[in-house]
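K.L.:
Pasting my_file29.pdb below, which is PDB, N, CA and C atoms.
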ATOM      1  N   MET A   1      -4.011 -36.490  17.133
ATOM      2  CA  MET A   1      -4.715 -37.627  17.697
ATOM      3  C   MET A   1      -6.202 -37.453  17.400
ATOM      4  N   VAL A   2      -6.799 -38.484  16.881
ATOM      5  CA  VAL A   2      -8.239 -38.507  16.648
ATOM      6  C   VAL A   2      -8.879 -39.268  17.792
ATOM      7  N   ALA A   3      -9.960 -38.751  18.323
ATOM      8  CA  ALA A   3     -10.703 -39.463  19.363
ATOM      9  C   ALA A   3     -12.158 -39.527  18.929
ATOM     10  N   VAL A   4     -12.656 -40.730  18.758
ATOM     11  CA  VAL A   4     -14.030 -40.965  18.308
ATOM     12  C   VAL A   4     -14.688 -41.907  19.298
ATOM     13  N   ASP A   5     -15.874 -41.564  19.732
ATOM     14  CA  ASP A   5     -16.640 -42.443  20.615
ATOM     15  C   ASP A   5     -16.727 -43.816  19.948
ATOM     16  N   GLY A   6     -16.481 -44.879  20.706
ATOM     17  CA  GLY A   6     -16.499 -46.236  20.154
ATOM     18  C   GLY A   6     -17.795 -46.585  19.459
ATOM     19  N   GLU A   7     -18.907 -46.028  19.926
ATOM     20  CA  GLU A   7     -20.199 -46.304  19.309
ATOM     21  C   GLU A   7     -20.326 -45.631  17.949
ATOM     22  N   ASN A   8     -19.500 -44.621  17.690
ATOM     23  CA  ASN A   8     -19.579 -43.883  16.434
ATOM     24  C   ASN A   8     -18.474 -44.252  15.456
ATOM     25  N   MET A   9     -17.781 -45.369  15.712
ATOM     26  CA  MET A   9     -16.690 -45.787  14.846
ATOM     27  C   MET A   9     -17.176 -45.975  13.411
ATOM     28  N   ARG A  10     -18.303 -46.627  13.239
ATOM     29  CA  ARG A  10     -18.833 -46.853  11.897
ATOM     30  C   ARG A  10     -19.161 -45.526  11.207
ATOM     31  N   GLU A  11     -19.754 -44.605  11.965
ATOM     32  CA  GLU A  11     -20.094 -43.292  11.398
ATOM     33  C   GLU A  11     -18.841 -42.538  10.973
ATOM     34  N   PHE A  12     -17.770 -42.660  11.751
ATOM     35  CA  PHE A  12     -16.511 -42.005  11.410
ATOM     36  C   PHE A  12     -15.991 -42.513  10.063
ATOM     37  N   VAL A  13     -15.947 -43.821   9.909
ATOM     38  CA  VAL A  13     -15.443 -44.412   8.656
ATOM     39  C   VAL A  13     -16.386 -44.081   7.503
ATOM     40  N   GLU A  14     -17.669 -44.168   7.757
ATOM     41  CA  GLU A  14     -18.644 -43.885   6.699
ATOM     42  C   GLU A  14     -18.552 -42.435   6.238
ATOM     43  N   ALA A  15     -18.285 -41.511   7.159
ATOM     44  CA  ALA A  15     -18.123 -40.103   6.785
ATOM     45  C   ALA A  15     -16.940 -39.920   5.841
ATOM     46  N   GLU A  16     -15.880 -40.674   6.078
ATOM     47  CA  GLU A  16     -14.728 -40.605   5.178
ATOM     48  C   GLU A  16     -15.080 -41.157   3.793
ATOM     49  N   LEU A  17     -15.771 -42.299   3.786
ATOM     50  CA  LEU A  17     -16.097 -42.964   2.521
ATOM     51  C   LEU A  17     -17.121 -42.205   1.695
ATOM     52  N   ARG A  18     -18.147 -41.688   2.346
ATOM     53  CA  ARG A  18     -19.240 -41.030   1.627
ATOM     54  C   ARG A  18     -19.084 -39.509   1.559
ATOM     55  N   GLY A  19     -18.252 -38.967   2.445
ATOM     56  CA  GLY A  19     -18.100 -37.520   2.494
ATOM     57  C   GLY A  19     -16.857 -37.020   1.791
ATOM     58  N   TRP A  20     -15.693 -37.455   2.286
ATOM     59  CA  TRP A  20     -14.445 -36.913   1.757
ATOM     60  C   TRP A  20     -13.991 -37.543   0.449
ATOM     61  N   LEU A  21     -14.155 -38.834   0.297
ATOM     62  CA  LEU A  21     -13.692 -39.449  -0.953
ATOM     63  C   LEU A  21     -14.385 -38.866  -2.181
ATOM     64  N   PRO A  22     -15.714 -38.688  -2.171
ATOM     65  CA  PRO A  22     -16.356 -38.083  -3.341
ATOM     66  C   PRO A  22     -15.868 -36.663  -3.631
ATOM     67  N   VAL A  23     -15.511 -35.920  -2.592
ATOM     68  CA  VAL A  23     -14.971 -34.570  -2.799
ATOM     69  C   VAL A  23     -13.680 -34.645  -3.619
ATOM     70  N   MET A  24     -12.939 -35.721  -3.420
ATOM     71  CA  MET A  24     -11.685 -35.913  -4.146
ATOM     72  C   MET A  24     -11.888 -36.653  -5.470
ATOM     73  N   GLY A  25     -13.147 -36.893  -5.834
ATOM     74  CA  GLY A  25     -13.447 -37.544  -7.097
ATOM     75  C   GLY A  25     -13.472 -39.063  -7.037
ATOM     76  N   VAL A  26     -13.489 -39.623  -5.822
ATOM     77  CA  VAL A  26     -13.517 -41.077  -5.659
ATOM     78  C   VAL A  26     -14.895 -41.483  -5.141
ATOM     79  N   VAL A  27     -15.654 -42.154  -5.983
ATOM     80  CA  VAL A  27     -16.986 -42.622  -5.599
ATOM     81  C   VAL A  27     -16.969 -44.145  -5.632
ATOM     82  N   LEU A  28     -17.183 -44.751  -4.478
ATOM     83  CA  LEU A  28     -17.134 -46.209  -4.382
ATOM     84  C   LEU A  28     -18.529 -46.804  -4.540
ATOM     85  N   PRO A  29     -18.623 -47.982  -5.157
ATOM     86  CA  PRO A  29     -19.918 -48.660  -5.254
ATOM     87  C   PRO A  29     -20.364 -49.152  -3.869
ATOM     88  N   GLU A  30     -21.665 -49.213  -3.658
ATOM     89  CA  GLU A  30     -22.228 -49.614  -2.366
ATOM     90  C   GLU A  30     -21.669 -50.932  -1.825
ATOM     91  N   PRO A  31     -21.554 -51.984  -2.655
ATOM     92  CA  PRO A  31     -21.006 -53.242  -2.115
ATOM     93  C   PRO A  31     -19.596 -53.067  -1.535
ATOM     94  N   GLN A  32     -18.799 -52.218  -2.168
ATOM     95  CA  GLN A  32     -17.441 -51.988  -1.669
ATOM     96  C   GLN A  32     -17.481 -51.202  -0.358
ATOM     97  N   ILE A  33     -18.358 -50.218  -0.264
ATOM     98  CA  ILE A  33     -18.506 -49.467   0.983
ATOM     99  C   ILE A  33     -18.925 -50.412   2.108
ATOM    100  N   ASP A  34     -19.868 -51.285   1.831
ATOM    101  CA  ASP A  34     -20.318 -52.249   2.838
ATOM    102  C   ASP A  34     -19.180 -53.137   3.319
ATOM    103  N   ARG A  35     -18.334 -53.601   2.390
ATOM    104  CA  ARG A  35     -17.195 -54.449   2.761
ATOM    105  C   ARG A  35     -16.195 -53.677   3.624
ATOM    106  N   ILE A  36     -15.921 -52.451   3.233
ATOM    107  CA  ILE A  36     -14.971 -51.635   3.987
ATOM    108  C   ILE A  36     -15.490 -51.372   5.398
ATOM    109  N   LEU A  37     -16.767 -51.047   5.518
ATOM    110  CA  LEU A  37     -17.345 -50.782   6.836
ATOM    111  C   LEU A  37     -17.281 -52.020   7.724
ATOM    112  N   ALA A  38     -17.545 -53.183   7.155
ATOM    113  CA  ALA A  38     -17.476 -54.430   7.924
ATOM    114  C   ALA A  38     -16.034 -54.704   8.370
ATOM    115  N   GLU A  39     -15.082 -54.510   7.476
ATOM    116  CA  GLU A  39     -13.670 -54.738   7.801
ATOM    117  C   GLU A  39     -13.148 -53.714   8.795
ATOM    118  N   ALA A  40     -13.642 -52.500   8.705
ATOM    119  CA  ALA A  40     -13.154 -51.426   9.570
ATOM    120  C   ALA A  40     -13.399 -51.736  11.037
ATOM    121  N   GLU A  41     -14.540 -52.315  11.348
ATOM    122  CA  GLU A  41     -14.832 -52.633  12.749
ATOM    123  C   GLU A  41     -13.783 -53.574  13.329
ATOM    124  N   THR A  42     -13.397 -54.577  12.561
ATOM    125  CA  THR A  42     -12.392 -55.529  13.019
ATOM    126  C   THR A  42     -11.005 -54.888  13.039
ATOM    127  N   THR A  43     -10.670 -54.193  11.980
ATOM    128  CA  THR A  43      -9.342 -53.599  11.845
ATOM    129  C   THR A  43      -9.102 -52.500  12.876
ATOM    130  N   LEU A  44     -10.099 -51.662  13.111
ATOM    131  CA  LEU A  44      -9.928 -50.540  14.028
ATOM    132  C   LEU A  44     -10.134 -50.921  15.494
ATOM    133  N   ALA A  45     -10.565 -52.133  15.759
ATOM    134  CA  ALA A  45     -10.825 -52.569  17.128
ATOM    135  C   ALA A  45      -9.578 -52.437  18.011
ATOM    136  N   ARG A  46      -8.393 -52.611  17.440
ATOM    137  CA  ARG A  46      -7.167 -52.502  18.247
ATOM    138  C   ARG A  46      -6.910 -51.071  18.723
ATOM    139  N   TYR A  47      -7.581 -50.086  18.115
ATOM    140  CA  TYR A  47      -7.424 -48.697  18.522
ATOM    141  C   TYR A  47      -8.545 -48.234  19.458
ATOM    142  N   LEU A  48      -9.402 -49.156  19.847
ATOM    143  CA  LEU A  48     -10.519 -48.838  20.727
ATOM    144  C   LEU A  48     -10.030 -48.843  22.176
ATOM    145  N   THR A  49     -10.201 -47.714  22.853
ATOM    146  CA  THR A  49      -9.791 -47.579  24.247
ATOM    147  C   THR A  49     -11.042 -47.356  25.092
ATOM    148  N   ALA A  50     -10.846 -47.175  26.379
ATOM    149  CA  ALA A  50     -11.976 -46.906  27.269
ATOM    150  C   ALA A  50     -12.672 -45.603  26.889
ATOM    151  N   ASP A  51     -11.929 -44.684  26.270
ATOM    152  CA  ASP A  51     -12.490 -43.394  25.864
ATOM    153  C   ASP A  51     -13.056 -43.402  24.455
ATOM    154  N   GLY A  52     -12.886 -44.484  23.735
ATOM    155  CA  GLY A  52     -13.367 -44.569  22.354
ATOM    156  C   GLY A  52     -12.230 -44.905  21.409
ATOM    157  N   LEU A  53     -12.413 -44.620  20.158
ATOM    158  CA  LEU A  53     -11.417 -44.875  19.119
ATOM    159  C   LEU A  53     -10.371 -43.768  19.180
ATOM    160  N   ALA A  54      -9.101 -44.128  19.259
ATOM    161  CA  ALA A  54      -8.041 -43.127  19.359
ATOM    162  C   ALA A  54      -6.828 -43.572  18.554
ATOM    163  N   PHE A  55      -6.360 -42.709  17.673
ATOM    164  CA  PHE A  55      -5.161 -42.995  16.894
ATOM    165  C   PHE A  55      -4.622 -41.698  16.313
ATOM    166  N   ASP A  56      -3.343 -41.702  15.975
ATOM    167  CA  ASP A  56      -2.716 -40.552  15.339
ATOM    168  C   ASP A  56      -3.143 -40.481  13.887
ATOM    169  N   ILE A  57      -3.334 -39.275  13.416
ATOM    170  CA  ILE A  57      -3.698 -39.062  12.018
ATOM    171  C   ILE A  57      -3.101 -37.727  11.587
ATOM    172  N   SER A  58      -2.706 -37.644  10.351
ATOM    173  CA  SER A  58      -2.145 -36.382   9.872
ATOM    174  C   SER A  58      -3.095 -35.753   8.853
ATOM    175  N   ALA A  59      -2.970 -34.463   8.742
ATOM    176  CA  ALA A  59      -3.766 -33.725   7.761
ATOM    177  C   ALA A  59      -2.837 -32.753   7.063
ATOM    178  N   HIS A  60      -3.030 -32.583   5.791
ATOM    179  CA  HIS A  60      -2.226 -31.649   5.017
ATOM    180  C   HIS A  60      -3.148 -30.543   4.518
ATOM    181  N   LEU A  61      -2.872 -29.350   4.953
ATOM    182  CA  LEU A  61      -3.694 -28.208   4.580
ATOM    183  C   LEU A  61      -2.869 -27.275   3.694
ATOM    184  N   ALA A  62      -3.504 -26.727   2.698
ATOM    185  CA  ALA A  62      -2.829 -25.810   1.797
ATOM    186  C   ALA A  62      -3.723 -24.595   1.579
ATOM    187  N   THR A  63      -3.099 -23.472   1.455
ATOM    188  CA  THR A  63      -3.830 -22.256   1.126
ATOM    189  C   THR A  63      -3.161 -21.625  -0.089
ATOM    190  N   CYS A  64      -3.908 -20.819  -0.787
ATOM    191  CA  CYS A  64      -3.336 -20.140  -1.937
ATOM    192  C   CYS A  64      -4.002 -18.777  -2.089
ATOM    193  N   ARG A  65      -3.348 -17.928  -2.829
ATOM    194  CA  ARG A  65      -3.861 -16.589  -3.131
ATOM    195  C   ARG A  65      -3.707 -16.320  -4.605
ATOM    196  N   ARG A  66      -4.656 -15.595  -5.118
ATOM    197  CA  ARG A  66      -4.511 -15.165  -6.510
ATOM    198  C   ARG A  66      -3.522 -14.013  -6.565
ATOM    199  N   PRO A  67      -2.688 -14.015  -7.567
ATOM    200  CA  PRO A  67      -1.705 -12.901  -7.681
ATOM    201  C   PRO A  67      -2.400 -11.587  -8.007
TER
END
Can you present the structure in this file as structure tokens?

P.N.:
Amino acid sequence: MVAVDGENMREFVEAELRGWLPVMGVVLPEPQIDRILAEAETTLARYLTADGLAFDISAHLATCRRP
């Protein structure tokens, strides 16, 4: 479960767009980031509770060792 203060919803989405996507080699143009951020507020509003933004999310972690 992810819990994000409702006031920081935009920062949460922006961190994904500007932080994690480039790490994976995905760099979006500014106009597209702006559109996504605008849409995210409307789309994620249904997950906004009295405690902030809350929804289930999964993460896949992998580790490796050199032989």

K.L.:
Find the distance between CA of Leu61 in chain A and CA of Phe12 in chain A and write it in Å to one decimal.

P.N.:
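Atom-to-atom, CA of Leu61 in chain A and CA of Phe12 in chain A are spaced 20.0 Å apart.
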
K.L.:
When DSSP works through the backbone of this structure, what residues of chain A end up as strand (DSSP E or B), shown as a JSON list (two decimals) with N, CA and C atoms, in the coordinates of the input?

P.N.:
[["chain", "number", "residue", "atom", "x", "y", "z"],
["A", 2, "VAL", "N", -6.80, -38.48, 16.88],
["A", 2, "VAL", "CA", -8.24, -38.51, 16.65],
["A", 2, "VAL", "C", -8.88, -39.27, 17.79],
["A", 3, "ALA", "N", -9.96, -38.75, 18.32],
["A", 3, "ALA", "CA", -10.70, -39.46, 19.36],
["A", 3, "ALA", "C", -12.16, -39.53, 18.93],
["A", 4, "VAL", "N", -12.66, -40.73, 18.76],
["A", 4, "VAL", "CA", -14.03, -40.96, 18.31],
["A", 4, "VAL", "C", -14.69, -41.91, 19.30],
["A", 48, "LEU", "N", -9.40, -49.16, 19.85],
["A", 48, "LEU", "CA", -10.52, -48.84, 20.73],
["A", 48, "LEU", "C", -10.03, -48.84, 22.18],
["A", 49, "THR", "N", -10.20, -47.71, 22.85],
["A", 49, "THR", "CA", -9.79, -47.58, 24.25],
["A", 49, "THR", "C", -11.04, -47.36, 25.09],
["A", 52, "GLY", "N", -12.89, -44.48, 23.74],
["A", 52, "GLY", "CA", -13.37, -44.57, 22.35],
["A", 52, "GLY", "C", -12.23, -44.90, 21.41],
["A", 53, "LEU", "N", -12.41, -44.62, 20.16],
["A", 53, "LEU", "CA", -11.42, -44.88, 19.12],
["A", 53, "LEU", "C", -10.37, -43.77, 19.18],
["A", 54, "ALA", "N", -9.10, -44.13, 19.26],
["A", 54, "ALA", "CA", -8.04, -43.13, 19.36],
["A", 54, "ALA", "C", -6.83, -43.57, 18.55],
["A", 55, "PHE", "N", -6.36, -42.71, 17.67],
["A", 55, "PHE", "CA", -5.16, -43.00, 16.89],
["A", 55, "PHE", "C", -4.62, -41.70, 16.31]]

K.L.:
Just the number, please: distance in Å from atom C of Glu11 in chain A to atom N of Ala40 in chain A, one decimal.

P.N.:
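Value for the atom C of Glu11 in chain A-atom N of Ala40 in chain A distance: 11.5 Å.
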
K.L.:
Here's the selection I'm unsure about, the PyMOL selection byres (((chain A and resi 37 and name CA) around 12) and name CA); applied to the file above, which residues does it give, as a tab-separated table (two decimals) with N, CA and C atoms, keeping the file's coordinate frame?

P.N.:
chain	number	residue	atom	x	y	z
A	9	MET	N	-17.78	-45.37	15.71
A	9	MET	CA	-16.69	-45.79	14.85
A	9	MET	C	-17.18	-45.98	13.41
A	10	ARG	N	-18.30	-46.63	13.24
A	10	ARG	CA	-18.83	-46.85	11.90
A	10	ARG	C	-19.16	-45.53	11.21
A	11	GLU	N	-19.75	-44.60	11.96
A	11	GLU	CA	-20.09	-43.29	11.40
A	11	GLU	C	-18.84	-42.54	10.97
A	12	PHE	N	-17.77	-42.66	11.75
A	12	PHE	CA	-16.51	-42.00	11.41
A	12	PHE	C	-15.99	-42.51	10.06
A	13	VAL	N	-15.95	-43.82	9.91
A	13	VAL	CA	-15.44	-44.41	8.66
A	13	VAL	C	-16.39	-44.08	7.50
A	14	GLU	N	-17.67	-44.17	7.76
A	14	GLU	CA	-18.64	-43.88	6.70
A	14	GLU	C	-18.55	-42.44	6.24
A	15	ALA	N	-18.28	-41.51	7.16
A	15	ALA	CA	-18.12	-40.10	6.78
A	15	ALA	C	-16.94	-39.92	5.84
A	16	GLU	N	-15.88	-40.67	6.08
A	16	GLU	CA	-14.73	-40.60	5.18
A	16	GLU	C	-15.08	-41.16	3.79
A	17	LEU	N	-15.77	-42.30	3.79
A	17	LEU	CA	-16.10	-42.96	2.52
A	17	LEU	C	-17.12	-42.20	1.70
A	18	ARG	N	-18.15	-41.69	2.35
A	18	ARG	CA	-19.24	-41.03	1.63
A	18	ARG	C	-19.08	-39.51	1.56
A	30	GLU	N	-21.66	-49.21	-3.66
A	30	GLU	CA	-22.23	-49.61	-2.37
A	30	GLU	C	-21.67	-50.93	-1.82
A	31	PRO	N	-21.55	-51.98	-2.66
A	31	PRO	CA	-21.01	-53.24	-2.12
A	31	PRO	C	-19.60	-53.07	-1.54
A	32	GLN	N	-18.80	-52.22	-2.17
A	32	GLN	CA	-17.44	-51.99	-1.67
A	32	GLN	C	-17.48	-51.20	-0.36
A	33	ILE	N	-18.36	-50.22	-0.26
A	33	ILE	CA	-18.51	-49.47	0.98
A	33	ILE	C	-18.92	-50.41	2.11
A	34	ASP	N	-19.87	-51.28	1.83
A	34	ASP	CA	-20.32	-52.25	2.84
A	34	ASP	C	-19.18	-53.14	3.32
A	35	ARG	N	-18.33	-53.60	2.39
A	35	ARG	CA	-17.20	-54.45	2.76
A	35	ARG	C	-16.20	-53.68	3.62
A	36	ILE	N	-15.92	-52.45	3.23
A	36	ILE	CA	-14.97	-51.64	3.99
A	36	ILE	C	-15.49	-51.37	5.40
A	38	ALA	N	-17.55	-53.18	7.16
A	38	ALA	CA	-17.48	-54.43	7.92
A	38	ALA	C	-16.03	-54.70	8.37
A	39	GLU	N	-15.08	-54.51	7.48
A	39	GLU	CA	-13.67	-54.74	7.80
A	39	GLU	C	-13.15	-53.71	8.80
A	40	ALA	N	-13.64	-52.50	8.70
A	40	ALA	CA	-13.15	-51.43	9.57
A	40	ALA	C	-13.40	-51.74	11.04
A	41	GLU	N	-14.54	-52.32	11.35
A	41	GLU	CA	-14.83	-52.63	12.75
A	41	GLU	C	-13.78	-53.57	13.33
A	42	THR	N	-13.40	-54.58	12.56
A	42	THR	CA	-12.39	-55.53	13.02
A	42	THR	C	-11.00	-54.89	13.04
A	43	THR	N	-10.67	-54.19	11.98
A	43	THR	CA	-9.34	-53.60	11.84
A	43	THR	C	-9.10	-52.50	12.88
A	44	LEU	N	-10.10	-51.66	13.11
A	44	LEU	CA	-9.93	-50.54	14.03
A	44	LEU	C	-10.13	-50.92	15.49

K.L.:
Determine which residues of range 1-37 of chain A receive a DSSP assignment of helix (DSSP H, G or I), computed from the backbone, and state them as a PyMOL selection string.

P.N.:
chain A and resi 6-23+30-37

K.L.:
Provide the atom N of Arg66 in chain A to atom N of Val23 in chain A distance in Å, to one decimal place.

P.N.:
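Those two atoms sit 23.2 Å apart.
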
K.L.:
Padding of 3 Å on every side, edges along x, y and z, all listed atoms of range 40-55 of chain A included: what centre and edge lengths in Å, to one decimal, does that box have, as JSON?

P.N.:
{"center_x": -9.7, "center_y": -48.6, "center_z": 18.0, "size_x": 16.2, "size_y": 19.8, "size_z": 24.6}

K.L.:
For a quick check of understanding, using all atoms listed in the file, which of A:Trp20, A:Leu28, A:Leu53, A:Ala45 has the smallest distance to Asn8 in chain A?

P.N.:
A:Leu53
